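Q: Got a structure for you, written out below as structure tokens; questions coming shortly.
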Amino acid sequence: MSGRGSAELLELSEIALRVAEEAATLVQAGFRAGPRGLRVEEKGPHDLVTEFDRASEDLLVARLDALTPGVAVVGEEQSATRRAEPRGGLVWYVDPLDGTTNFVHGHPFWCVSVGLMDDDVPVAGAVVAPALGLRWTGFRPRGAARAPVSTAAIDGEARRNGERCTVSATASLQRAMVATGFPPIRDRAPDNNFDAFMTVKRNAQAVRRCGSAAIDLCMVADGTYDAYWERRLHAWDVAAGSAIVRGAGGVITALDGGPPNYHTGNIVASNGLVHAAIVALFSHPGSPTC
């Protein structure tokens, strides 16, 4: 069950959007309910979970099982381990509520993320951010060249609220808006990302940190951000957004510019034009290590 073509991936991205919208409707019912209206638990330091995370994941798993029988579904809350292992073939990776801390505090930067990987390459996905009124979808078959190409030549697509979108044309890091995030456990470098943040902040026009990896990736895909990097992510955080970046003509690598590992989660996504410049900040002697 690998090597899917564009027509099939388009259909699968539409399935992803359908189930993500259903889950987002469920989660939206709890938004801004306040501490008394939510049951909030701590999975670990600075790492929250609510009943809406769990109910959303239950819905996503049930719907994907019904609509795509035989395709495995890996979710954040039901995973036996906190870091999923690579799997062959087609696998759904779902984040039922990406940005739970934002959700708990009434901040609108949260979403439901449904991504499909084919032999560990993100190939299709949908991200729905109802509090922002935004929905992204995208697909691109595995095996496509990693190097930047004309978006007209891409065997895939990305859409924001139903309209085609592509990565930005910003060619200079000094003129770029870049996004990042920080892991729940922030007691050691370089995993806490603090040094890298300061390095990029000194070189880019602006750096934003809003608390949802899936949305950050989608905003690279639609040209809002010119690049995004983060450490210690999980496949469910990035599968959908990475597929959408690929469909929009973007580039995704490891922090050192090598092939990305979506399970260890140390990645850089960009429009391709500023990619070498931001990777150089992580690999130059004296800069934060990868």
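Residues in the structure tokens are numbered from 1 in each chain, the chains being A, B, ... in the order shown, and ligands are numbered from 1 in the order shown.
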Taking the DSSP secondary structure from the backbone, can you list the residues of region 120-230 of chain A that are alpha helix (DSSP H), as an NGL selection string?
A: :A and (194-203 or 213-221)
Q: Please, could you write that set of residues out with C-alpha atoms as an mmCIF file, in the first residue's frame?
A:
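As written to disk, selection_32.cif reads:
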```cif
data_model
loop_
_atom_site.group_PDB
_atom_site.id
_atom_site.type_symbol
_atom_site.label_atom_id
_atom_site.label_comp_id
_atom_site.auth_asym_id
_atom_site.auth_seq_id
_atom_site.Cartn_x
_atom_site.Cartn_y
_atom_site.Cartn_z
ATOM 1 C CA PHE A 194 16.582 28.819 23.471
ATOM 2 C CA ASP A 195 20.026 29.384 21.916
ATOM 3 C CA ALA A 196 18.714 28.695 18.424
ATOM 4 C CA PHE A 197 15.871 31.130 18.989
ATOM 5 C CA MET A 198 18.297 33.921 19.872
ATOM 6 C CA THR A 199 20.532 33.121 16.896
ATOM 7 C CA VAL A 200 17.670 33.212 14.399
ATOM 8 C CA LYS A 201 16.170 36.284 16.085
ATOM 9 C CA ARG A 202 19.404 38.168 15.409
ATOM 10 C CA ASN A 203 19.370 37.244 11.714
ATOM 11 C CA ALA A 213 3.482 23.075 15.108
ATOM 12 C CA ALA A 214 0.748 22.038 12.674
ATOM 13 C CA ILE A 215 -0.451 25.608 12.144
ATOM 14 C CA ASP A 216 3.116 26.912 11.897
ATOM 15 C CA LEU A 217 3.829 24.451 9.084
ATOM 16 C CA CYS A 218 0.618 25.412 7.289
ATOM 17 C CA MET A 219 1.597 29.056 7.511
ATOM 18 C CA VAL A 220 4.836 28.199 5.745
ATOM 19 C CA ALA A 221 2.746 26.474 3.087
#
```
Q: Go through A:Ser113, A:Thr100, A:Ser6, A:Gln78 and flag the residue nearest Glu41 (chain A), using only C-alpha atoms for the distances.
A: A:Thr100
Q: Which is closest to Phe182 (chain A) among A:Leu132, A:Val207, A:Leu233, A:Ile244, if we use only C-alpha atoms?
A: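 Of A:Leu132, A:Val207, A:Leu233, A:Ile244, the one nearest Phe182 (chain A), counting only C-alpha atoms, is A:Leu233.
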Q: Among region 83-167 of chain A, which ones does DSSP assign to strand (DSSP E or B) (computed from the backbone)? Answer as JSON, numbers by chain.
A: {"A": [90, 91, 92, 93, 94, 95, 96, 97, 98, 111, 112, 113, 114, 115, 116, 117, 118, 121, 122, 123, 124, 125, 126, 127, 128, 129, 134, 135, 136, 137, 138, 139, 157, 158, 159, 160, 163, 164]}
Q: Let me make sure I understand: among A:Val123, A:Ala269, A:Ala243, A:Ala254, which one has the smallest atom-to-atom distance to Ala227 (chain A) if we use only C-alpha atoms?
A: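 Between A:Val123, A:Ala269, A:Ala243, A:Ala254, the residue approaching Ala227 (chain A) most closely is A:Ala269.
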Q: Report the distance between CA of Tyr262 (chain A) and CA of Ala169 (chain A) in Å, rounded to one decimal place.
A: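 For CA of Tyr262 (chain A) relative to CA of Ala169 (chain A), the distance reads 25.5 Å.
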Q: Looking at A:Val238, A:Val245, A:Cys210, A:Leu116, which one is nearest to Thr166 (chain A), with distances taken over only C-alpha atoms?
A: A:Val245
Q: Name all residues at most 10 Å from region 22-31 of chain A (count only C-alpha atoms; drop same-chain ones fewer than 3 positions away) and give them as a count of residues only.
A: 36
Q: Leu255 (chain A): which residues within 10 Å, counting only C-alpha atoms, same-chain residues fewer than 5 positions away excluded, as a list in words?
A: Trp229, Glu230, Arg231, Pro260, Gly265, Asn266, Ile267, Val268, Ala269, Ile278, Val279, Ala280, Leu281, Phe282, Ser283, Thr289 and Cys290 of chain A
Q: Restricting the output to N, CA and C atoms, write the selected residues as a PDB file, in the first residue's frame.
A:
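Result written to part-v6.pdb:
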```pdb
ATOM      1  N   TRP A 229      11.200  26.197  12.261  1.00  0.00           N
ATOM      2  CA  TRP A 229      12.023  25.098  12.773  1.00  0.00           C
ATOM      3  C   TRP A 229      11.570  24.771  14.180  1.00  0.00           C
ATOM      4  N   GLU A 230      11.806  23.539  14.571  1.00  0.00           N
ATOM      5  CA  GLU A 230      11.527  23.143  15.952  1.00  0.00           C
ATOM      6  C   GLU A 230      12.242  21.834  16.248  1.00  0.00           C
ATOM      7  N   ARG A 231      12.366  21.544  17.543  1.00  0.00           N
ATOM      8  CA  ARG A 231      13.019  20.329  18.020  1.00  0.00           C
ATOM      9  C   ARG A 231      12.030  19.451  18.777  1.00  0.00           C
ATOM     10  N   PRO A 260      14.864  14.568   6.656  1.00  0.00           N
ATOM     11  CA  PRO A 260      14.141  14.737   7.915  1.00  0.00           C
ATOM     12  C   PRO A 260      13.742  13.404   8.524  1.00  0.00           C
ATOM     13  N   GLY A 265      11.789  14.582  15.131  1.00  0.00           N
ATOM     14  CA  GLY A 265      11.151  15.883  15.100  1.00  0.00           C
ATOM     15  C   GLY A 265      12.045  17.092  15.106  1.00  0.00           C
ATOM     16  N   ASN A 266      13.321  16.959  14.791  1.00  0.00           N
ATOM     17  CA  ASN A 266      14.198  18.129  14.681  1.00  0.00           C
ATOM     18  C   ASN A 266      14.227  18.565  13.216  1.00  0.00           C
ATOM     19  N   ILE A 267      13.303  19.462  12.848  1.00  0.00           N
ATOM     20  CA  ILE A 267      13.109  19.760  11.430  1.00  0.00           C
ATOM     21  C   ILE A 267      13.139  21.260  11.141  1.00  0.00           C
ATOM     22  N   VAL A 268      13.411  21.552   9.873  1.00  0.00           N
ATOM     23  CA  VAL A 268      13.292  22.898   9.313  1.00  0.00           C
ATOM     24  C   VAL A 268      12.403  22.797   8.084  1.00  0.00           C
ATOM     25  N   ALA A 269      11.411  23.671   7.985  1.00  0.00           N
ATOM     26  CA  ALA A 269      10.571  23.778   6.790  1.00  0.00           C
ATOM     27  C   ALA A 269      10.665  25.203   6.281  1.00  0.00           C
ATOM     28  N   ILE A 278      19.091  29.537   6.832  1.00  0.00           N
ATOM     29  CA  ILE A 278      18.685  29.207   8.198  1.00  0.00           C
ATOM     30  C   ILE A 278      19.382  27.939   8.676  1.00  0.00           C
ATOM     31  N   VAL A 279      19.585  26.964   7.796  1.00  0.00           N
ATOM     32  CA  VAL A 279      20.325  25.761   8.174  1.00  0.00           C
ATOM     33  C   VAL A 279      21.752  26.131   8.570  1.00  0.00           C
ATOM     34  N   ALA A 280      22.342  27.088   7.870  1.00  0.00           N
ATOM     35  CA  ALA A 280      23.712  27.498   8.174  1.00  0.00           C
ATOM     36  C   ALA A 280      23.832  28.050   9.592  1.00  0.00           C
ATOM     37  N   LEU A 281      22.764  28.664  10.090  1.00  0.00           N
ATOM     38  CA  LEU A 281      22.808  29.187  11.453  1.00  0.00           C
ATOM     39  C   LEU A 281      22.941  28.074  12.479  1.00  0.00           C
ATOM     40  N   PHE A 282      22.390  26.904  12.162  1.00  0.00           N
ATOM     41  CA  PHE A 282      22.454  25.785  13.100  1.00  0.00           C
ATOM     42  C   PHE A 282      23.743  24.990  12.966  1.00  0.00           C
ATOM     43  N   SER A 283      24.399  25.080  11.814  1.00  0.00           N
ATOM     44  CA  SER A 283      25.575  24.250  11.562  1.00  0.00           C
ATOM     45  C   SER A 283      26.896  25.012  11.610  1.00  0.00           C
ATOM     46  N   THR A 289      23.867  23.713  18.289  1.00  0.00           N
ATOM     47  CA  THR A 289      24.004  22.439  17.597  1.00  0.00           C
ATOM     48  C   THR A 289      22.658  21.865  17.244  1.00  0.00           C
ATOM     49  N   CYS A 290      22.680  20.927  16.301  1.00  0.00           N
ATOM     50  CA  CYS A 290      21.444  20.300  15.862  1.00  0.00           C
ATOM     51  C   CYS A 290      21.051  19.134  16.752  1.00  0.00           C
TER      52      CYS A 290
END
```
Q: Using CA of Ala240 (chain A) and CA of Ala62 (chain A) as the two end points, give the distance in Å to one decimal.
A: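 Separation of CA of Ala240 (chain A) and CA of Ala62 (chain A): 18.3 Å.
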Q: To one decimal place, how far is CA of Leu67 (chain A) from CA of Asp120 (chain A) in Å?
A: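 Value for the CA of Leu67 (chain A)-CA of Asp120 (chain A) distance: 20.9 Å.
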Q: Applying 12 Å and only C-alpha atoms, which residues near Gly125 (chain A) remain after dropping the ones on its own chain fewer than 6 positions away? List them as a ChimeraX atom specification.
A: /A:9-20,91-95,112-118,135-141,156-159,214,217-218,236-247
